[in-house]
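Participant: Okay, so here is run_24.pdb, and as you'll see once you scroll down, it has PDB, C-alpha atoms.
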ATOM      1  CA  MET A 104       0.000   0.000   0.000
ATOM      2  CA  ILE A 105       1.285   3.458  -0.928
ATOM      3  CA  ASN A 106       2.365   5.694   1.924
ATOM      4  CA  TRP A 107       0.800   8.913   0.696
ATOM      5  CA  GLN A 108       2.459  10.963   3.465
ATOM      6  CA  THR A 109       5.803  10.512   1.722
ATOM      7  CA  THR A 110       4.537  10.461  -1.881
ATOM      8  CA  ALA A 111       4.248  13.179  -4.527
ATOM      9  CA  LEU A 112       2.322  13.047  -7.798
ATOM     10  CA  VAL A 113       4.084  14.801 -10.681
ATOM     11  CA  PHE A 114       2.825  15.694 -14.149
ATOM     12  CA  PRO A 115       4.943  16.169 -17.301
ATOM     13  CA  GLY A 116       5.135  18.990 -19.819
ATOM     14  CA  GLN A 117       5.753  19.190 -23.550
ATOM     15  CA  GLY A 118       8.045  16.542 -24.948
ATOM     16  CA  SER A 119       6.240  13.722 -23.156
ATOM     17  CA  GLN A 120       3.444  13.401 -25.711
ATOM     18  CA  ALA A 121       3.129  10.288 -27.878
ATOM     19  CA  VAL A 122       0.500   8.946 -30.247
ATOM     20  CA  GLY A 123      -1.627   6.477 -28.304
ATOM     21  CA  MET A 124      -1.383   8.435 -25.075
ATOM     22  CA  GLY A 125      -4.180   7.518 -22.707
ATOM     23  CA  ALA A 126      -5.732   4.945 -25.055
ATOM     24  CA  GLU A 127      -5.116   1.860 -22.918
ATOM     25  CA  ILE A 128      -6.134   3.512 -19.665
ATOM     26  CA  ALA A 129      -9.325   4.840 -21.286
ATOM     27  CA  ALA A 130     -10.137   1.418 -22.732
ATOM     28  CA  GLN A 131     -10.015  -0.243 -19.308
ATOM     29  CA  TYR A 132     -11.361   2.471 -16.987
ATOM     30  CA  PRO A 133     -14.763   4.129 -17.657
ATOM     31  CA  VAL A 134     -13.792   7.125 -15.475
ATOM     32  CA  ALA A 135     -10.782   7.762 -17.716
ATOM     33  CA  ARG A 136     -12.962   7.472 -20.828
ATOM     34  CA  GLU A 137     -15.304  10.015 -19.269
ATOM     35  CA  VAL A 138     -12.428  12.500 -18.866
ATOM     36  CA  PHE A 139     -11.631  12.238 -22.575
ATOM     37  CA  ALA A 140     -15.327  12.439 -23.486
ATOM     38  CA  GLN A 141     -15.749  15.537 -21.340
ATOM     39  CA  ALA A 142     -12.731  17.117 -23.017
ATOM     40  CA  ASP A 143     -14.137  16.342 -26.471
ATOM     41  CA  ALA A 144     -17.399  18.040 -25.504
ATOM     42  CA  LEU A 145     -15.671  21.080 -23.995
ATOM     43  CA  LEU A 146     -13.345  21.553 -26.973
ATOM     44  CA  GLY A 147     -16.063  20.805 -29.513
ATOM     45  CA  LEU A 148     -13.971  18.302 -31.465
ATOM     46  CA  PRO A 149     -12.854  14.658 -31.187
ATOM     47  CA  PHE A 150      -9.671  15.534 -29.355
ATOM     48  CA  SER A 151      -9.426  12.041 -27.842
ATOM     49  CA  LYS A 152      -8.934  10.640 -31.343
ATOM     50  CA  LEU A 153      -5.893  12.875 -31.788
ATOM     51  CA  CYS A 154      -4.414  11.527 -28.533
ATOM     52  CA  PHE A 155      -5.211   7.906 -29.348
ATOM     53  CA  GLU A 156      -4.495   7.844 -33.089
ATOM     54  CA  GLY A 157      -2.510  10.942 -34.055
ATOM     55  CA  PRO A 158      -1.178  12.019 -36.506
ATOM     56  CA  ALA A 159       2.032  12.779 -34.624
ATOM     57  CA  GLU A 160       2.749  16.037 -36.433
ATOM     58  CA  GLN A 161      -0.627  17.408 -35.346
ATOM     59  CA  LEU A 162      -0.248  16.132 -31.786
ATOM     60  CA  ASP A 163       3.195  17.760 -31.586
ATOM     61  CA  GLU A 164       1.804  21.239 -32.295
ATOM     62  CA  THR A 165       1.995  23.330 -29.107
ATOM     63  CA  TYR A 166      -1.685  24.246 -29.356
ATOM     64  CA  ASN A 167      -2.602  20.542 -29.220
ATOM     65  CA  THR A 168       0.233  19.099 -27.140
ATOM     66  CA  GLN A 169      -0.633  21.086 -24.040
ATOM     67  CA  PRO A 170      -4.314  20.045 -23.722
ATOM     68  CA  ALA A 171      -3.408  16.471 -24.739
ATOM     69  CA  LEU A 172      -0.996  16.104 -21.815
ATOM     70  CA  PHE A 173      -3.374  17.863 -19.438
ATOM     71  CA  ILE A 174      -6.326  15.616 -20.352
ATOM     72  CA  THR A 175      -4.236  12.444 -20.230
ATOM     73  CA  GLY A 176      -2.796  13.297 -16.811
ATOM     74  CA  ILE A 177      -6.241  13.846 -15.306
ATOM     75  CA  ALA A 178      -7.567  10.666 -16.967
ATOM     76  CA  ILE A 179      -4.744   8.604 -15.432
ATOM     77  CA  LEU A 180      -5.433  10.182 -12.040
ATOM     78  CA  ALA A 181      -9.112   9.224 -12.369
ATOM     79  CA  ALA A 182      -8.087   5.655 -13.207
ATOM     80  CA  LEU A 183      -5.726   5.565 -10.215
ATOM     81  CA  ASN A 184      -8.528   6.606  -7.879
ATOM     82  CA  ALA A 185     -10.916   4.087  -9.449
ATOM     83  CA  GLU A 186      -8.396   1.294  -8.950
ATOM     84  CA  LEU A 187      -7.787   2.345  -5.356
ATOM     85  CA  ALA A 188     -11.553   2.270  -4.733
ATOM     86  CA  ALA A 189     -11.809  -1.197  -6.305
ATOM     87  CA  ARG A 190      -9.188  -2.350  -3.816
ATOM     88  CA  GLY A 191     -11.106  -0.854  -0.904
ATOM     89  CA  GLN A 192      -8.708   2.047  -0.452
ATOM     90  CA  SER A 193      -9.291   5.793  -0.216
ATOM     91  CA  PRO A 194      -8.530   8.154  -3.130
ATOM     92  CA  ALA A 195      -4.945   9.286  -3.640
ATOM     93  CA  THR A 196      -3.904  11.851  -1.041
ATOM     94  CA  PRO A 197      -0.319  12.780  -1.933
ATOM     95  CA  ALA A 198       1.685  15.018   0.353
ATOM     96  CA  ASN A 199       2.709  17.181  -2.627
ATOM     97  CA  VAL A 200       1.883  17.618  -6.294
ATOM     98  CA  ALA A 201       3.980  19.332  -8.936
ATOM     99  CA  GLY A 202       4.209  19.586 -12.689
ATOM    100  CA  HIS A 203       6.876  20.524 -15.201
ATOM    101  CA  SER A 204       5.844  23.651 -17.154
ATOM    102  CA  LEU A 205       2.410  22.784 -18.631
ATOM    103  CA  GLY A 206       2.230  19.965 -16.078
ATOM    104  CA  GLU A 207       1.873  22.536 -13.339
ATOM    105  CA  LEU A 208      -1.681  23.249 -14.527
ATOM    106  CA  THR A 209      -2.478  19.536 -14.422
ATOM    107  CA  ALA A 210      -1.089  19.449 -10.884
ATOM    108  CA  LEU A 211      -3.348  22.334  -9.875
ATOM    109  CA  VAL A 212      -6.429  20.385 -10.965
ATOM    110  CA  ALA A 213      -5.139  17.300  -9.142
ATOM    111  CA  ALA A 214      -4.710  19.455  -6.027
ATOM    112  CA  GLY A 215      -8.278  20.774  -6.222
ATOM    113  CA  ALA A 216      -7.230  24.357  -6.972
ATOM    114  CA  MET A 217      -8.994  24.332 -10.364
ATOM    115  CA  GLU A 218     -11.844  22.360 -11.853
ATOM    116  CA  PHE A 219     -11.159  20.271 -14.955
ATOM    117  CA  GLY A 220     -13.298  22.322 -17.350
ATOM    118  CA  PRO A 221     -11.900  25.772 -16.522
ATOM    119  CA  GLY A 222      -8.435  24.241 -16.336
ATOM    120  CA  LEU A 223      -8.747  22.792 -19.832
ATOM    121  CA  LYS A 224      -9.941  26.140 -21.166
ATOM    122  CA  LEU A 225      -6.917  27.860 -19.597
ATOM    123  CA  VAL A 226      -4.535  25.235 -20.985
ATOM    124  CA  ARG A 227      -5.964  25.646 -24.485
ATOM    125  CA  GLU A 228      -5.536  29.409 -24.220
ATOM    126  CA  ARG A 229      -1.976  28.963 -22.945
ATOM    127  CA  GLY A 230      -1.149  26.842 -25.976
ATOM    128  CA  ARG A 231      -2.711  29.373 -28.331
ATOM    129  CA  LEU A 232      -0.885  32.298 -26.797
ATOM    130  CA  MET A 233       2.465  30.508 -26.772
ATOM    131  CA  ARG A 234       1.992  29.621 -30.436
ATOM    132  CA  GLU A 235       1.091  33.245 -31.166
ATOM    133  CA  ALA A 236       4.145  34.479 -29.254
ATOM    134  CA  GLY A 237       6.306  32.133 -31.318
ATOM    135  CA  GLU A 238       4.904  33.657 -34.503
ATOM    136  CA  LYS A 239       5.439  37.237 -33.318
ATOM    137  CA  SER A 240       8.815  36.640 -31.653
ATOM    138  CA  PRO A 241      10.344  33.527 -33.235
ATOM    139  CA  GLY A 242      12.860  31.642 -31.181
ATOM    140  CA  ALA A 243      14.443  28.304 -30.446
ATOM    141  CA  MET A 244      15.517  26.045 -27.608
ATOM    142  CA  ALA A 245      18.423  23.672 -27.041
ATOM    143  CA  ALA A 246      19.307  20.967 -24.536
ATOM    144  CA  ILE A 247      22.734  21.294 -22.936
ATOM    145  CA  LEU A 248      24.194  18.252 -21.193
ATOM    146  CA  GLY A 249      27.144  18.241 -18.849
ATOM    147  CA  LEU A 250      27.552  21.923 -18.009
ATOM    148  CA  ASP A 251      27.103  23.420 -14.546
ATOM    149  CA  ILE A 252      24.054  25.685 -14.485
ATOM    150  CA  ASP A 253      25.986  28.712 -13.227
ATOM    151  CA  ALA A 254      28.475  28.292 -16.055
ATOM    152  CA  LEU A 255      25.593  28.029 -18.502
ATOM    153  CA  ARG A 256      23.991  31.216 -17.183
ATOM    154  CA  GLN A 257      27.317  32.981 -17.728
ATOM    155  CA  LEU A 258      27.536  31.562 -21.239
ATOM    156  CA  CYS A 259      24.027  32.836 -22.049
ATOM    157  CA  ALA A 260      24.969  36.306 -20.783
ATOM    158  CA  GLU A 261      28.093  36.343 -22.967
ATOM    159  CA  ALA A 262      26.119  35.232 -26.030
ATOM    160  CA  CYS A 263      23.569  38.012 -25.447
ATOM    161  CA  THR A 264      26.337  40.592 -25.153
ATOM    162  CA  ALA A 265      27.912  39.365 -28.383
ATOM    163  CA  THR A 266      24.723  39.339 -30.460
ATOM    164  CA  GLY A 267      22.477  41.842 -28.702
ATOM    165  CA  GLY A 268      19.857  39.133 -28.559
ATOM    166  CA  VAL A 269      18.005  37.070 -25.963
ATOM    167  CA  LEU A 270      19.143  33.791 -24.421
ATOM    168  CA  VAL A 271      18.329  32.395 -20.972
ATOM    169  CA  VAL A 272      18.263  29.183 -18.994
ATOM    170  CA  ALA A 273      14.684  27.953 -19.499
ATOM    171  CA  ASN A 274      14.579  24.558 -17.780
ATOM    172  CA  ASP A 275      16.823  23.429 -14.938
ATOM    173  CA  ASN A 276      15.756  19.801 -15.333
ATOM    174  CA  CYS A 277      18.393  18.069 -13.230
ATOM    175  CA  PRO A 278      22.131  18.440 -12.546
ATOM    176  CA  GLY A 279      23.879  18.382 -15.906
ATOM    177  CA  GLN A 280      20.692  18.588 -17.997
ATOM    178  CA  THR A 281      19.519  22.085 -18.839
ATOM    179  CA  VAL A 282      17.514  23.732 -21.620
ATOM    180  CA  ILE A 283      18.313  27.209 -22.946
ATOM    181  CA  SER A 284      15.857  29.393 -24.840
ATOM    182  CA  GLY A 285      16.069  32.556 -26.930
ATOM    183  CA  ASP A 286      16.299  33.990 -30.425
ATOM    184  CA  ASP A 287      17.776  31.723 -33.063
ATOM    185  CA  GLN A 288      20.883  33.817 -33.804
ATOM    186  CA  THR A 289      21.960  34.009 -30.181
ATOM    187  CA  LEU A 290      21.244  30.344 -29.588
ATOM    188  CA  GLU A 291      23.327  29.356 -32.629
ATOM    189  CA  TYR A 292      26.159  31.519 -31.303
ATOM    190  CA  ALA A 293      26.018  29.764 -27.926
ATOM    191  CA  LEU A 294      25.952  26.117 -29.078
ATOM    192  CA  PRO A 295      29.593  25.784 -30.211
ATOM    193  CA  LEU A 296      30.648  27.865 -27.210
ATOM    194  CA  ALA A 297      28.938  25.360 -24.913
ATOM    195  CA  LYS A 298      30.838  22.494 -26.537
ATOM    196  CA  GLU A 299      34.130  24.372 -26.230
ATOM    197  CA  ARG A 300      33.494  24.732 -22.507
ATOM    198  CA  GLY A 301      32.891  21.053 -21.925
ATOM    199  CA  ALA A 302      29.248  20.325 -22.701
ATOM    200  CA  LYS A 303      28.794  16.671 -23.587
ATOM    201  CA  ARG A 304      25.955  17.596 -25.925
ATOM    202  CA  ALA A 305      24.448  20.834 -27.192
ATOM    203  CA  LEU A 306      21.379  19.827 -29.170
ATOM    204  CA  LYS A 307      18.884  22.172 -30.753
ATOM    205  CA  LEU A 308      15.310  21.038 -30.060
ATOM    206  CA  ALA A 309      12.592  20.622 -32.681
ATOM    207  CA  VAL A 310      10.499  23.569 -31.471
ATOM    208  CA  SER A 311       9.771  26.950 -33.026
ATOM    209  CA  ILE A 312       9.113  28.883 -29.816
ATOM    210  CA  ALA A 313      11.400  30.184 -27.094
ATOM    211  CA  ALA A 314       9.392  28.970 -24.105
ATOM    212  CA  HIS A 315      10.193  30.312 -20.633
ATOM    213  CA  SER A 316      12.131  33.254 -22.046
ATOM    214  CA  PRO A 317      11.508  37.000 -22.446
ATOM    215  CA  LEU A 318      10.348  36.306 -26.015
ATOM    216  CA  MET A 319       7.089  34.997 -24.528
ATOM    217  CA  ALA A 320       6.403  38.426 -22.990
ATOM    218  CA  VAL A 321       4.356  39.460 -26.023
ATOM    219  CA  SER A 322       1.591  37.111 -24.809
ATOM    220  CA  GLN A 323       2.130  37.344 -21.072
ATOM    221  CA  GLU A 324      -0.392  40.085 -20.315
ATOM    222  CA  GLU A 325      -3.146  38.337 -22.264
ATOM    223  CA  PHE A 326      -2.402  35.114 -20.409
ATOM    224  CA  ARG A 327      -2.417  36.989 -17.103
ATOM    225  CA  THR A 328      -5.961  38.117 -17.936
ATOM    226  CA  ALA A 329      -6.968  34.549 -18.759
ATOM    227  CA  VAL A 330      -5.573  33.396 -15.402
ATOM    228  CA  LYS A 331      -7.502  36.120 -13.543
ATOM    229  CA  ASN A 332     -10.696  35.051 -15.316
ATOM    230  CA  THR A 333     -10.227  31.421 -14.226
ATOM    231  CA  SER A 334     -11.722  30.287 -10.925
ATOM    232  CA  ILE A 335      -8.814  29.293  -8.672
ATOM    233  CA  THR A 336      -9.147  28.270  -5.033
ATOM    234  CA  VAL A 337      -6.881  27.220  -2.188
ATOM    235  CA  PRO A 338      -5.337  23.839  -3.107
ATOM    236  CA  LYS A 339      -6.228  20.842  -0.946
ATOM    237  CA  THR A 340      -2.709  19.487  -1.509
ATOM    238  CA  PRO A 341       0.432  21.649  -1.432
ATOM    239  CA  VAL A 342       1.552  22.440  -4.994
ATOM    240  CA  ILE A 343       5.247  23.118  -5.583
ATOM    241  CA  GLY A 344       5.563  25.881  -8.184
ATOM    242  CA  ASN A 345       7.954  26.037 -11.129
ATOM    243  CA  VAL A 346       8.758  29.715 -10.717
ATOM    244  CA  SER A 347       9.179  29.764  -6.947
ATOM    245  CA  ALA A 348      10.209  26.136  -6.293
ATOM    246  CA  ALA A 349       8.092  26.532  -3.143
ATOM    247  CA  PRO A 350       4.558  25.630  -2.016
ATOM    248  CA  LEU A 351       1.685  27.588  -3.558
ATOM    249  CA  THR A 352      -0.767  27.821  -0.680
ATOM    250  CA  THR A 353      -3.198  30.564  -1.741
ATOM    251  CA  ALA A 354      -5.193  31.426  -4.847
ATOM    252  CA  ALA A 355      -3.253  34.701  -5.188
ATOM    253  CA  MET A 356       0.070  32.846  -5.125
ATOM    254  CA  ILE A 357      -1.155  30.489  -7.845
ATOM    255  CA  GLN A 358      -2.324  33.398 -10.019
ATOM    256  CA  ASP A 359       1.041  35.126  -9.663
ATOM    257  CA  GLU A 360       2.897  31.881 -10.390
ATOM    258  CA  LEU A 361       0.952  31.092 -13.549
ATOM    259  CA  SER A 362       1.137  34.671 -14.800
ATOM    260  CA  ALA A 363       4.932  34.647 -14.451
ATOM    261  CA  GLN A 364       5.422  31.133 -15.783
ATOM    262  CA  LEU A 365       5.573  31.909 -19.509
ATOM    263  CA  THR A 366       8.716  34.037 -19.177
ATOM    264  CA  SER A 367      10.293  32.399 -16.114
ATOM    265  CA  PRO A 368      12.535  29.317 -15.936
ATOM    266  CA  VAL A 369      11.280  25.928 -14.798
ATOM    267  CA  ARG A 370      13.199  25.262 -11.573
ATOM    268  CA  TRP A 371      12.594  21.526 -11.577
ATOM    269  CA  THR A 372      15.788  20.558  -9.742
ATOM    270  CA  GLU A 373      14.953  22.921  -6.895
ATOM    271  CA  SER A 374      11.305  21.815  -6.895
ATOM    272  CA  VAL A 375      12.261  18.179  -6.380
ATOM    273  CA  GLN A 376      14.771  19.199  -3.723
ATOM    274  CA  ALA A 377      12.049  21.173  -1.930
ATOM    275  CA  MET A 378       9.758  18.137  -1.922
ATOM    276  CA  THR A 379      12.583  15.930  -0.685
ATOM    277  CA  ARG A 380      13.251  18.317   2.196
ATOM    278  CA  ALA A 381       9.534  18.135   3.052
ATOM    279  CA  GLY A 382       9.822  14.364   3.457
ATOM    280  CA  ILE A 383       8.904  13.069  -0.002
ATOM    281  CA  THR A 384      10.713   9.831  -0.802
ATOM    282  CA  HIS A 385       8.483   8.467  -3.581
ATOM    283  CA  PHE A 386       7.460  10.217  -6.806
ATOM    284  CA  ILE A 387       4.711   8.972  -9.132
ATOM    285  CA  GLU A 388       4.615  10.484 -12.614
ATOM    286  CA  LEU A 389       1.209  10.387 -14.325
ATOM    287  CA  GLY A 390       1.920  10.757 -18.040
ATOM    288  CA  PRO A 391       2.828   9.041 -21.316
ATOM    289  CA  LYS A 392       6.585   8.645 -20.755
ATOM    290  CA  ALA A 393       8.910   8.212 -17.798
ATOM    291  CA  VAL A 394      10.486  11.650 -18.243
ATOM    292  CA  LEU A 395      10.109  13.211 -14.801
ATOM    293  CA  ALA A 396      10.726   9.893 -13.062
ATOM    294  CA  GLY A 397      14.144   9.792 -14.696
ATOM    295  CA  LEU A 398      14.931  13.384 -13.750
ATOM    296  CA  VAL A 399      13.916  12.738 -10.137
ATOM    297  CA  LYS A 400      16.393   9.863  -9.899
ATOM    298  CA  ARG A 401      19.177  12.092 -11.197
ATOM    299  CA  ILE A 402      18.307  14.798  -8.676
ATOM    300  CA  ASN A 403      17.917  12.454  -5.723
ATOM    301  CA  LYS A 404      19.415   8.996  -6.121
ATOM    302  CA  GLU A 405      17.800   7.872  -2.857
ATOM    303  CA  ALA A 406      14.247   8.593  -4.041
ATOM    304  CA  SER A 407      12.045   6.035  -5.727
ATOM    305  CA  ALA A 408      10.211   7.105  -8.877
ATOM    306  CA  ALA A 409       7.691   5.399 -11.132
ATOM    307  CA  CYS A 410       5.666   6.375 -14.177
ATOM    308  CA  VAL A 411       2.038   5.332 -14.727
ATOM    309  CA  GLU A 412       0.482   5.584 -18.179
ATOM    310  CA  ASN A 413      -1.267   2.260 -18.766
ATOM    311  CA  PRO A 414      -3.198  -0.340 -16.756
ATOM    312  CA  ALA A 415      -0.208  -2.657 -16.404
ATOM    313  CA  GLN A 416       1.921   0.098 -14.871
ATOM    314  CA  LEU A 417      -0.954   1.077 -12.592
ATOM    315  CA  ALA A 418      -1.365  -2.489 -11.358
ATOM    316  CA  ALA A 419       2.393  -2.834 -10.846
ATOM    317  CA  LEU A 420       2.433   0.368  -8.789
ATOM    318  CA  LEU A 421      -0.374  -0.717  -6.490
ATOM    319  CA  ASP A 422       0.847  -4.305  -6.194
ATOM    320  CA  SER A 423       4.369  -3.290  -5.220
TER     321      SER A 423
END
Would you mind writing the file out in structure tokens?
Facilitator:
Amino acid sequence: MINWQTTALVFPGQGSQAVGMGAEIAAQYPVAREVFAQADALLGLPFSKLCFEGPAEQLDETYNTQPALFITGIAILAALNAELAARGQSPATPANVAGHSLGELTALVAAGAMEFGPGLKLVRERGRLMREAGEKSPGAMAAILGLDIDALRQLCAEACTATGGVLVVANDNCPGQTVISGDDQTLEYALPLAKERGAKRALKLAVSIAAHSPLMAVSQEEFRTAVKNTSITVPKTPVIGNVSAAPLTTAAMIQDELSAQLTSPVRWTESVQAMTRAGITHFIELGPKAVLAGLVKRINKEASAACVENPAQLAALLDS
């Protein structure tokens, strides 16, 4: 039986999507199917078909990827609670929840701070605005492996000075795995420099937006308005924020966090460390791939981490 007092649920962001996501869990659990059906009705299109069948190029579009991950995460959570009930156990009551970038909105619904419908509407708007920002202020992102984050921040500053452009650390995923984000010219200037300074890899990502950078500022105010127009309440479970790497305990804190998120870095390493300090020893990722579970193990080798996306993984989790 899971010790929820030492367990956190975590939800992934973009990059975790895959054709077929949620299909098996929806096939076995009526409550999961209902989540997808509700999403189809709210969005006014057969969005579940896109998750289950693709095509991949359409699923990989930011506007679609974000709601797809959000819906799938909530569907898996519904299946988890249904399976717990079938075993005579209470619903999941994790000590913390957190999400990486887009996953933070999924975590807020899991924590009871937002309802599914308004949350989905906000996620869809977030995807639209980020796509729009990418069209108005084109940019790029790159994964850097093997460089200390302070050294990488210095490298970004030097690249900006040299080009007059924008380049920042966007995702501090785990020690030695960082994502930088900015305009294409400055990013291209920085990549060989990173390799010269010892990066094991400096790989440009297949995205056309500079997420979590100042280039998203063109859409930030409109997103801030969308956040203010979304009903947000005090979370029932402490949510660890990306921007603050600290618990979000009030509706005002959540609004500020989400409003700042588009242009602020994802402090995932510090978020996991904060949960570890609070007594979390077990992390359960609800999503299509074991992305966050792997990062957790790199941040804290003593922690246990598992990913649940299908019925077999769910059974293995609860039988362990």
Participant: Up to 12 Å from (8.2, 25.4, -32.2) in the file's coordinates: name the residues, counting all atoms listed in the file, as a count of residues only.
Facilitator: 33
Participant: Which residues, named as in the file, does the PyMOL selection byres ((chain A and resi 363) around 12) pick out? Answer as a PyMOL selection string.
Facilitator: chain A and resi 204+315-317+319-320+322-328+330+344-347+356-362+364-369
Participant: Quote the spacing between CA of Ala419 in chain A and CA of Val394 in chain A in Å to one decimal place.
Facilitator: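 These two atoms are separated by 18.2 Å.
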Participant: For CA of Phe386 in chain A and CA of Ala195 in chain A, quote the distance in Å rounded to one decimal.
Facilitator: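 These atoms are spaced 12.8 Å apart.
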Participant: Give me, as a PyMOL selection string, all polymer residues having an atom no more than 9 Å from range 172-184 of chain A, counting only C-alpha atoms and skipping those fewer than 2 positions away in the same chain.
Facilitator: chain A and resi 114-117+119-120+124-125+128-129+131-139+142+151+154+167-170+186-189+192-195+205-206+208-210+212-213+219+222-223+226+388-391+411-414+417
Participant: Find the residues around Ala111 in chain A up to 10 Å (only C-alpha atoms counted), leave out those fewer than 6 positions away in its own chain, and share them as a list of chain:residue names.
Facilitator: A:Thr196, A:Pro197, A:Ala198, A:Asn199, A:Val200, A:Ala201, A:Thr340, A:Pro341, A:Val342, A:Val375, A:Met378, A:Thr379, A:Gly382, A:Ile383, A:Thr384, A:His385, A:Phe386, A:Ile387, A:Glu388, A:Ala408
Participant: Only C-alpha atoms, please: the residues just picked out, written as a PDB file, keeping the file's coordinate frame.
Facilitator:
ATOM      1  CA  THR A 196      -3.904  11.851  -1.041  1.00  0.00           C
ATOM      2  CA  PRO A 197      -0.319  12.780  -1.933  1.00  0.00           C
ATOM      3  CA  ALA A 198       1.685  15.018   0.353  1.00  0.00           C
ATOM      4  CA  ASN A 199       2.709  17.181  -2.627  1.00  0.00           C
ATOM      5  CA  VAL A 200       1.883  17.618  -6.294  1.00  0.00           C
ATOM      6  CA  ALA A 201       3.980  19.332  -8.936  1.00  0.00           C
ATOM      7  CA  THR A 340      -2.709  19.487  -1.509  1.00  0.00           C
ATOM      8  CA  PRO A 341       0.432  21.649  -1.432  1.00  0.00           C
ATOM      9  CA  VAL A 342       1.552  22.440  -4.994  1.00  0.00           C
ATOM     10  CA  VAL A 375      12.261  18.179  -6.380  1.00  0.00           C
ATOM     11  CA  MET A 378       9.758  18.137  -1.922  1.00  0.00           C
ATOM     12  CA  THR A 379      12.583  15.930  -0.685  1.00  0.00           C
ATOM     13  CA  GLY A 382       9.822  14.364   3.457  1.00  0.00           C
ATOM     14  CA  ILE A 383       8.904  13.069  -0.002  1.00  0.00           C
ATOM     15  CA  THR A 384      10.713   9.831  -0.802  1.00  0.00           C
ATOM     16  CA  HIS A 385       8.483   8.467  -3.581  1.00  0.00           C
ATOM     17  CA  PHE A 386       7.460  10.217  -6.806  1.00  0.00           C
ATOM     18  CA  ILE A 387       4.711   8.972  -9.132  1.00  0.00           C
ATOM     19  CA  GLU A 388       4.615  10.484 -12.614  1.00  0.00           C
ATOM     20  CA  ALA A 408      10.211   7.105  -8.877  1.00  0.00           C
TER      21      ALA A 408
END
Participant: When you count all atoms listed in the file, which of these residues is closest to Asn274 in chain A: A:Ala349, A:Ala216, A:Leu398, A:Ala377?
Facilitator: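 Closest residue, counting all atoms listed in the file: A:Leu398.
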Participant: To one decimal in Å, tell me the separation between CA of Pro350 in chain A and CA of Leu232 in chain A.
Facilitator: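 That distance, rounded to one decimal, is 26.2 Å.
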Participant: Scan for residues within 10 Å of the point (0.8, -2.5, 2.9) in the coordinates of the file, using only C-alpha atoms, and reply as a compact mmCIF listing (two decimals) with C-alpha atoms, in the frame of the given file.
Facilitator:
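Here's the written file selection.txt:
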# COMPACT_ATOMS: atom_id res chain seq x y z
CA MET A 104 0.00 0.00 0.00
CA ILE A 105 1.28 3.46 -0.93
CA ASN A 106 2.37 5.69 1.92
CA LEU A 421 -0.37 -0.72 -6.49
CA ASP A 422 0.85 -4.30 -6.19
CA SER A 423 4.37 -3.29 -5.22
Participant: Using only C-alpha atoms, pick whichever of A:Leu145, A:Ala260, A:Ile283, A:Leu420 has the shortest atom-to-atom distance to Arg227 in chain A.
Facilitator: A:Leu145
Participant: Kindly indicate which residue among A:Ile335, A:Leu290, A:Val122, A:Cys263 lies nearest to Glu218 in chain A, using all atoms listed in the file for the distances.
Facilitator: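 Going through A:Ile335, A:Leu290, A:Val122, A:Cys263 one by one, the smallest distance to Glu218 in chain A is for A:Ile335.
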Participant: Smallest atom-to-atom distance to Gln161 in chain A: which of A:Val399, A:Ala418, A:Ala121, A:Ile252, using all atoms listed in the file?
Facilitator: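 For Gln161 in chain A, the nearest of the given residues is A:Ala121.
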Participant: Evaluate the PyMOL selection byres ((chain A and resi 372) around 8) and record the selected residues as a PyMOL selection string, following the chain and residue labels used in the document.
Facilitator: chain A and resi 275-278+370-371+373-376+402
Participant: Would you place a box with edges along x, y and z of the file around all atoms of range 123-135 of chain A listed there, add 5 Å to each of its six sides, and report the centre and edge lengths in Å to one decimal, as lines of an AutoDock Vina configuration file?
Facilitator:
center_x = -8.1
center_y = 4.1
center_z = -21.9
size_x = 23.4
size_y = 18.7
size_z = 22.8
Participant: How would you write, as a PyMOL selection string, the residues chosen by the PyMOL selection byres ((chain A and resi 248) around 7) on this structure?
Facilitator: chain A and resi 246-247+249-250+279-281+302-305
Participant: Closest to Ala293 in chain A among A:Val321, A:Leu306, A:Ala130, A:Ala262, using only C-alpha atoms?
Facilitator: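 Of the candidates, the smallest distance to Ala293 in chain A is held by A:Ala262.
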Participant: Out of A:Arg401, A:Ala409, A:Gly191, A:Gly215, which residue has the shortest atom-to-atom distance to Thr336 in chain A when counting all atoms listed in the file?
Facilitator: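 Closest residue, counting all atoms listed in the file: A:Gly215.
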Participant: May I ask you to restore N, CA and C atoms in range 367-373 of chain A and write the result as a CSV table (one decimal), in the coordinates of the input?
Facilitator:
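In the end it all went to out-v4.csv:
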chain,number,residue,atom,x,y,z
A,367,SER,N,9.4,32.8,-17.2
A,367,SER,CA,10.3,32.4,-16.1
A,367,SER,C,10.8,31.0,-16.3
A,368,PRO,N,12.0,30.7,-15.8
A,368,PRO,CA,12.5,29.3,-15.9
A,368,PRO,C,11.8,28.3,-15.1
A,369,VAL,N,11.8,27.1,-15.6
A,369,VAL,CA,11.3,25.9,-14.8
A,369,VAL,C,12.4,25.4,-13.9
A,370,ARG,N,12.2,25.6,-12.6
A,370,ARG,CA,13.2,25.3,-11.6
A,370,ARG,C,12.9,23.9,-11.0
A,371,TRP,N,13.0,22.9,-11.9
A,371,TRP,CA,12.6,21.5,-11.6
A,371,TRP,C,13.5,20.9,-10.6
A,372,THR,N,14.8,21.1,-10.7
A,372,THR,CA,15.8,20.6,-9.7
A,372,THR,C,15.5,21.1,-8.3
A,373,GLU,N,15.2,22.3,-8.2
A,373,GLU,CA,15.0,22.9,-6.9
A,373,GLU,C,13.6,22.5,-6.4
